[in-house]
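Next comes entry_34.pdb, with PDB, C-alpha atoms.
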```
ATOM      1  CA  MET A  21      -1.262  -9.873  16.023
ATOM      2  CA  SER A  22      -2.251 -12.708  18.310
ATOM      3  CA  HIS A  23      -5.876 -11.534  18.340
ATOM      4  CA  CYS A  24      -5.955 -11.431  14.534
ATOM      5  CA  VAL A  25      -4.523 -14.941  14.261
ATOM      6  CA  SER A  26      -6.948 -16.223  16.890
ATOM      7  CA  SER A  27      -9.876 -14.664  15.036
ATOM      8  CA  LEU A  28      -8.844 -16.211  11.701
ATOM      9  CA  GLU A  29      -8.296 -19.532  13.437
ATOM     10  CA  ALA A  30     -11.752 -19.385  15.061
ATOM     11  CA  LYS A  31     -13.293 -18.730  11.632
ATOM     12  CA  GLY A  32     -11.585 -21.849  10.283
ATOM     13  CA  LEU A  33      -9.385 -19.922   7.853
ATOM     14  CA  LEU A  34      -6.000 -20.920   9.214
ATOM     15  CA  GLN A  35      -4.303 -23.404  11.475
ATOM     16  CA  ARG A  36      -1.631 -22.607  14.053
ATOM     17  CA  LYS A  37       0.991 -25.185  15.007
ATOM     18  CA  ILE A  38       3.984 -24.917  17.302
ATOM     19  CA  ASP A  39       7.188 -24.853  15.257
ATOM     20  CA  THR A  40       8.985 -28.194  15.588
ATOM     21  CA  GLU A  41      12.402 -26.502  15.509
ATOM     22  CA  ASP A  42      11.599 -23.615  17.863
ATOM     23  CA  ALA A  43       8.853 -24.080  20.473
ATOM     24  CA  ARG A  44       8.637 -20.293  20.910
ATOM     25  CA  ALA A  45       7.332 -19.884  17.360
ATOM     26  CA  TYR A  46       4.214 -20.906  15.480
ATOM     27  CA  GLN A  47       3.703 -22.046  11.919
ATOM     28  CA  LEU A  48       0.570 -20.632  10.322
ATOM     29  CA  THR A  49      -1.064 -22.578   7.509
ATOM     30  CA  LEU A  50      -4.068 -21.553   5.455
ATOM     31  CA  LYS A  51      -6.888 -24.055   5.447
ATOM     32  CA  PRO A  52      -8.778 -24.627   2.163
ATOM     33  CA  GLN A  53     -11.457 -22.089   3.118
ATOM     34  CA  GLY A  54      -8.686 -19.628   4.036
ATOM     35  CA  LYS A  55      -7.010 -20.113   0.648
ATOM     36  CA  ARG A  56     -10.293 -19.405  -1.142
ATOM     37  CA  CYS A  57     -10.849 -16.309   0.975
ATOM     38  CA  ALA A  58      -7.284 -15.087   0.348
ATOM     39  CA  MET A  59      -7.725 -15.496  -3.413
ATOM     40  CA  ARG A  60     -10.949 -13.440  -3.316
ATOM     41  CA  VAL A  61      -9.200 -10.688  -1.332
ATOM     42  CA  ILE A  62      -6.216 -10.659  -3.707
ATOM     43  CA  GLY A  63      -8.580 -10.435  -6.677
ATOM     44  CA  ALA A  64     -10.472  -7.544  -5.102
ATOM     45  CA  PHE A  65      -7.253  -5.626  -4.376
ATOM     46  CA  ASP A  66      -5.959  -6.255  -7.918
ATOM     47  CA  LYS A  67      -9.196  -4.876  -9.349
ATOM     48  CA  LEU A  68      -9.054  -1.854  -7.033
ATOM     49  CA  GLN A  69      -5.430  -1.171  -7.981
ATOM     50  CA  LYS A  70      -6.198  -1.329 -11.715
ATOM     51  CA  GLU A  71      -9.139   1.063 -11.309
ATOM     52  CA  PHE A  72      -7.012   3.432  -9.219
ATOM     53  CA  GLU A  73      -4.186   3.364 -11.791
ATOM     54  CA  ARG A  74      -6.674   4.014 -14.594
ATOM     55  CA  GLU A  75      -8.241   6.979 -12.761
ATOM     56  CA  ALA A  76      -5.042   8.603 -11.472
ATOM     57  CA  GLY A  77      -2.675   7.527 -14.224
ATOM     58  CA  LYS A  78       0.483   5.497 -13.801
ATOM     59  CA  THR A  79       2.771   8.492 -14.335
ATOM     60  CA  ALA A  80       1.090  10.536 -11.601
ATOM     61  CA  LEU A  81       1.184   7.562  -9.247
ATOM     62  CA  GLY A  82       4.879   7.017  -9.974
ATOM     63  CA  GLU A  83       5.638  10.670  -9.182
ATOM     64  CA  ALA A  84       3.590  10.476  -5.972
ATOM     65  CA  LEU A  85       5.531   7.369  -4.937
ATOM     66  CA  LYS A  86       8.845   9.183  -5.538
ATOM     67  CA  ALA A  87       7.648  12.059  -3.347
ATOM     68  CA  LEU A  88       6.593   9.660  -0.589
ATOM     69  CA  ARG A  89       9.979   7.934  -0.684
ATOM     70  CA  LYS A  90      11.733  11.306  -0.340
ATOM     71  CA  LEU A  91       9.480  12.184   2.592
ATOM     72  CA  GLU A  92      10.230   8.821   4.204
ATOM     73  CA  ALA A  93      13.979   9.403   3.806
ATOM     74  CA  LEU A  94      13.656  12.842   5.425
ATOM     75  CA  CYS A  95      11.724  11.375   8.351
ATOM     76  CA  ILE A  96      14.325   8.655   8.859
ATOM     77  CA  ALA A  97      17.172  11.166   8.664
ATOM     78  CA  SER A  98      15.552  13.490  11.214
ATOM     79  CA  ARG A  99      14.927  10.814  13.859
ATOM     80  CA  PRO A 100      16.712  11.436  17.132
ATOM     81  CA  VAL A 101      19.769   9.271  17.659
ATOM     82  CA  PRO A 102      19.212   6.779  20.533
ATOM     83  CA  ARG A 103      21.587   7.147  23.458
TER      84      ARG A 103
END
```
Structure re-expressed in structure tokens:
Amino acid sequence: MSHCVSSLEAKGLLQRKIDTEDARAYQLTLKPQGKRCAMRVIGAFDKLQKEFEREAGKTALGEALKALRKLEALCIASRPVPR
């Protein structure tokens, strides 16, 4: 995570400040260029999602999501109990 934050900071997309209430933590703030970039990424993902929903169909995607949630629940239930 630290490498990702450092990379975004080096590109001028965000600013990292030490939290005033907890010196162990950082506050991350998007700079104007970072906000513009984030909006472009959000727009691209929205467009991709709409195209995917149109191709696959919302009903089929809803059923696939239900199946994935059941699979997730089975995986969680079958985890070994920590000692």
Would you compute the distance between CA of Arg36 (chain A) and CA of Leu50 (chain A)? Give it in Å to one decimal.
9.0 Å
Using only C-alpha atoms, collect all residues at a distance of at most 12 Å from (-4.4, -12.8, 12.2) as written in the file, then present them as a PyMOL selection string.
chain A and resi 21-36+48-50+54
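Between CA of Arg74 (chain A) and CA of Arg60 (chain A) there is a distance of 21.2 Å.
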Calculate, to one decimal in Å, the centre and edge lengths of the box along x, y and z of the file that holds all listed atoms of region 79-86 of chain A with 6 Å of margin on each side, and present them as JSON.
```
{"center_x": 5.0, "center_y": 8.8, "center_z": -9.6, "size_x": 19.8, "size_y": 15.7, "size_z": 21.4}
```
For CA of Ile62 (chain A) and CA of Ala84 (chain A), the interatomic separation in Å (one decimal)
23.4 Å
